[in-house]
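File shown here: work-v7.cif, holding mmCIF, C-alpha atoms.
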data_upload
loop_
_atom_site.label_atom_id
_atom_site.label_comp_id
_atom_site.auth_asym_id
_atom_site.auth_seq_id
_atom_site.Cartn_x
_atom_site.Cartn_y
_atom_site.Cartn_z
CA MET A 13 -25.10 0.05 -5.90
CA PHE A 14 -21.95 0.25 -8.01
CA LEU A 15 -19.54 2.47 -6.07
CA PHE A 16 -16.85 3.32 -8.59
CA GLY A 17 -18.62 3.89 -11.91
CA ASN A 18 -16.92 2.10 -14.79
CA LYS A 19 -14.29 -0.53 -14.16
CA ASN A 20 -11.68 1.02 -16.46
CA LEU A 21 -8.63 1.49 -14.27
CA SER A 22 -5.07 2.03 -15.34
CA PHE A 23 -3.54 1.23 -11.95
CA ILE A 24 -4.29 0.39 -8.36
CA ILE A 25 -1.95 2.22 -5.99
CA ILE A 26 -1.82 0.49 -2.62
CA GLY A 27 -0.29 1.97 0.51
CA LEU A 28 0.51 -0.63 3.14
CA GLY A 29 0.02 -0.07 6.85
CA ASN A 30 -1.94 -1.15 9.89
CA PRO A 31 -5.40 0.25 10.69
CA GLY A 32 -6.30 2.06 13.86
CA LEU A 33 -5.16 4.99 15.97
CA MET A 34 -2.56 2.86 17.73
CA TYR A 35 -0.55 2.60 14.51
CA GLU A 36 -0.97 6.15 13.18
CA GLY A 37 2.37 7.81 12.62
CA THR A 38 4.41 4.61 12.86
CA ARG A 39 7.15 3.71 10.43
CA HIS A 40 5.17 0.70 9.26
CA ASN A 41 2.37 3.02 8.10
CA VAL A 42 4.44 5.08 5.69
CA GLY A 43 2.46 3.51 2.82
CA PHE A 44 -0.80 4.85 4.27
CA ARG A 45 0.78 8.28 4.68
CA ALA A 46 1.97 8.25 1.07
CA ILE A 47 -1.58 7.48 -0.15
CA ASP A 48 -2.94 10.26 2.05
CA TYR A 49 -0.37 12.63 0.56
CA ILE A 50 -1.40 11.75 -3.01
CA ALA A 51 -5.08 12.20 -2.17
CA LYS A 52 -4.47 15.54 -0.44
CA ARG A 53 -2.35 16.78 -3.36
CA GLU A 54 -5.27 15.97 -5.67
CA ASN A 55 -7.82 17.57 -3.28
CA GLN A 56 -9.44 14.20 -2.60
CA LYS A 57 -10.38 12.30 0.57
CA ILE A 58 -9.99 8.58 1.09
CA GLU A 59 -13.32 7.80 2.72
CA MET A 60 -15.00 4.96 0.85
CA SER A 61 -14.84 1.48 2.32
CA LYS A 62 -14.61 -1.39 -0.16
CA PHE A 63 -12.46 -4.52 -0.50
CA ASN A 64 -11.63 -4.38 3.25
CA SER A 65 -9.89 -1.10 2.43
CA PHE A 66 -10.34 2.64 2.38
CA CYS A 67 -10.40 3.59 -1.30
CA LYS A 68 -10.78 6.50 -3.66
CA LYS A 69 -10.92 6.40 -7.44
CA ILE A 70 -9.17 9.43 -8.90
CA THR A 71 -7.59 10.61 -12.14
CA LEU A 72 -3.82 11.14 -12.17
CA ASN A 73 -2.19 12.35 -15.39
CA ASP A 74 -5.22 11.27 -17.43
CA CYS A 75 -5.15 7.77 -15.88
CA ASN A 76 -7.95 6.35 -13.75
CA VAL A 77 -6.40 4.95 -10.59
CA LEU A 78 -7.71 3.49 -7.39
CA LEU A 79 -5.94 4.65 -4.23
CA MET A 80 -6.18 1.92 -1.63
CA LYS A 81 -5.35 1.55 2.07
CA PRO A 82 -6.05 -2.07 3.13
CA GLN A 83 -7.61 -2.35 6.59
CA THR A 84 -6.73 -6.03 7.03
CA PHE A 85 -3.49 -5.37 8.96
CA MET A 86 -0.13 -5.57 7.25
CA ASN A 87 0.28 -9.36 7.33
CA LEU A 88 -3.02 -9.90 5.50
CA SER A 89 -2.77 -7.07 2.94
CA GLY A 90 -2.95 -9.58 0.10
CA GLU A 91 -6.55 -10.43 0.91
CA ALA A 92 -7.74 -6.86 0.29
CA VAL A 93 -5.51 -6.41 -2.77
CA PHE A 94 -6.77 -9.68 -4.26
CA ARG A 95 -10.41 -8.56 -3.89
CA ALA A 96 -9.75 -5.31 -5.77
CA VAL A 97 -7.67 -7.05 -8.47
CA LYS A 98 -10.41 -9.63 -9.00
CA PHE A 99 -13.17 -7.00 -9.12
CA TYR A 100 -11.36 -4.73 -11.59
CA LYS A 101 -9.70 -7.57 -13.52
CA ILE A 102 -6.35 -5.79 -13.20
CA PRO A 103 -3.17 -7.81 -13.84
CA PRO A 104 -0.45 -7.64 -11.17
CA GLU A 105 1.68 -5.54 -13.54
CA GLN A 106 -0.82 -2.69 -13.03
CA LEU A 107 -0.36 -2.59 -9.24
CA ILE A 108 1.90 -0.13 -7.45
CA VAL A 109 2.55 -0.94 -3.79
CA LEU A 110 3.95 1.72 -1.44
CA VAL A 111 5.75 0.07 1.46
CA ASP A 112 8.17 0.84 4.31
CA ASP A 113 11.74 -0.43 4.10
CA VAL A 114 14.15 -0.68 7.04
CA ASN A 115 17.16 -1.14 4.77
CA PHE A 116 17.12 2.47 3.58
CA GLU A 117 17.70 5.77 5.33
CA ILE A 118 14.61 7.80 6.12
CA GLY A 119 13.00 9.15 2.97
CA LYS A 120 15.13 7.26 0.45
CA ILE A 121 12.98 5.64 -2.24
CA ARG A 122 13.66 2.60 -4.42
CA ILE A 123 11.36 1.38 -7.16
CA ARG A 124 11.29 -2.30 -8.14
CA ARG A 125 9.19 -3.77 -10.92
CA SER A 126 9.08 -7.23 -9.35
CA GLY A 127 10.92 -9.46 -6.90
CA SER A 128 10.70 -11.23 -3.60
CA ALA A 129 9.05 -9.95 -0.45
CA GLY A 130 12.48 -9.22 1.01
CA GLY A 131 11.26 -10.21 4.47
CA HIS A 132 8.32 -7.77 4.41
CA ASN A 133 5.14 -9.52 5.55
CA GLY A 134 2.80 -7.18 3.68
CA LEU A 135 4.55 -7.88 0.38
CA LYS A 136 4.67 -11.58 1.22
CA SER A 137 0.91 -11.62 1.72
CA ILE A 138 0.27 -9.86 -1.60
CA ILE A 139 2.57 -12.26 -3.45
CA GLU A 140 0.82 -15.26 -1.87
CA PHE A 141 -2.71 -14.05 -2.64
CA LEU A 142 -1.90 -12.99 -6.22
CA GLY A 143 0.37 -15.93 -6.97
CA SER A 144 2.73 -13.43 -8.57
CA ASP A 145 5.53 -11.05 -7.63
CA GLU A 146 5.19 -9.14 -10.92
CA PHE A 147 3.96 -5.86 -9.43
CA THR A 148 5.74 -2.58 -8.87
CA ARG A 149 6.75 -1.74 -5.34
CA ILE A 150 7.95 1.63 -4.17
CA LYS A 151 10.05 1.10 -1.07
CA ILE A 152 10.21 4.08 1.26
CA GLY A 153 13.08 4.17 3.70
CA VAL A 154 12.19 4.43 7.39
CA GLY A 155 15.75 3.99 8.69
CA THR A 156 17.58 0.98 10.06
CA LYS A 157 16.82 -0.35 13.51
CA PRO A 158 19.06 1.18 16.17
CA ASP A 159 20.86 -1.24 18.49
CA TYR A 160 18.82 -0.09 21.49
CA PHE A 161 15.71 -1.66 19.87
CA SER A 162 15.94 -5.38 20.46
CA ASP A 163 13.14 -6.29 18.08
CA LEU A 164 12.58 -5.10 14.49
CA ALA A 165 8.80 -5.12 15.03
CA ASP A 166 9.19 -2.68 17.92
CA TRP A 167 11.19 -0.38 15.62
CA VAL A 168 8.73 -0.33 12.69
CA LEU A 169 5.77 0.02 15.04
CA SER A 170 7.31 3.00 16.82
CA LYS A 171 6.52 6.57 15.84
#

Could you show the structure in this file as structure tokens?
Amino acid sequence: MFLFGNKNLSFIIIGLGNPGLMYEGTRHNVGFRAIDYIAKRENQKIEMSKFNSFCKKITLNDCNVLLMKPQTFMNLSGEAVFRAVKFYKIPPEQLIVLVDDVNFEIGKIRIRRSGSAGGHNGLKSIIEFLGSDEFTRIKIGVGTKPDYFSDLADWVLSK
């Protein structure tokens, strides 16, 4: 059964995060929350499982897009993204990745058309699987790690 109808997509919008109740509401899952926000705004639900992800094909501003929340854990996000890219034959330039960033104050957003992973393991995984860093990333500030957190991972995985 073909789940998404035709393959004509303008973009794949990927929100990065970690699956499971343990990670809900954490800073690292801001990408998931952004995808949920888009879906809710469009009166849609992300409920289909494909490409090791929760997905929903929707129309935004007359463009067919796939909203995607990889369920492979952050460090392996590239695996799920690669499967969708291969299936839809979408070039990296038509990907938009929503990701947390500890270098920005909470809520600040920066858009980059390409570039390095900047130390983010989810972006690193996507770059490795695609063999390209030529995709748009929207970095969403989650605040810098306070001194009383000894480990950055503890900070991004806190609520």

With the PyMOL selection byres ((chain A and resi 79) around 10) as the selection, what would be picked from this file? Answer as a list in words, please.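 So the PyMOL selection byres ((chain A and resi 79) around 10) ends up selecting Phe23, Ile24, Ile25, Ile26, Gly27, Phe44, Ile47, Asp48, Ile50, Ala51, Ile58, Ser65, Phe66, Cys67, Lys68, Lys69, Ile70, Asn76, Val77, Leu78, Met80, Lys81, Pro82 and Ile108 of chain A.
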
In Å to one decimal, how far is atom CA of Val168 of chain A from atom CA of Gly37 of chain A? 10.3 Å

Within 7 Å of Ser89 of chain A, counting all atoms listed in the file, which residues show up once you throw out same-chain ones fewer than 4 positions away? Write them as JSON, numbers by chain, please. {"A": [82, 84, 85, 93, 134, 137, 138]}

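For the choices A:Ala165, A:Gly127, A:Asn20, A:Asn55, the atom-to-atom distance to Tyr100 of chain A is smallest for A:Asn20 when using only C-alpha atoms.
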
In Å, how far is it from atom CA of Tyr35 of chain A to atom CA of Leu88 of chain A?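 Straight-line distance from atom CA of Tyr35 of chain A to atom CA of Leu88 of chain A works out to 15.6 Å.
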
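The residue set within 8 Å of Cys75 of chain A, counting all atoms listed in the file and dropping same-chain residues fewer than 4 places from it, reads Leu21, Ser22, Phe23 and Thr71 of chain A.
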
I'd like the interatomic distance between atom CA of Pro158 of chain A and atom CA of Asn133 of chain A, to a tenth of an Å.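 Atom-to-atom, atom CA of Pro158 of chain A and atom CA of Asn133 of chain A are spaced 20.5 Å apart.
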
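Using the PyMOL selection byres ((chain A and resi 104) around 6) on this structure selects A:Pro103, A:Glu105, A:Gln106, A:Leu107, A:Glu146, A:Phe147.
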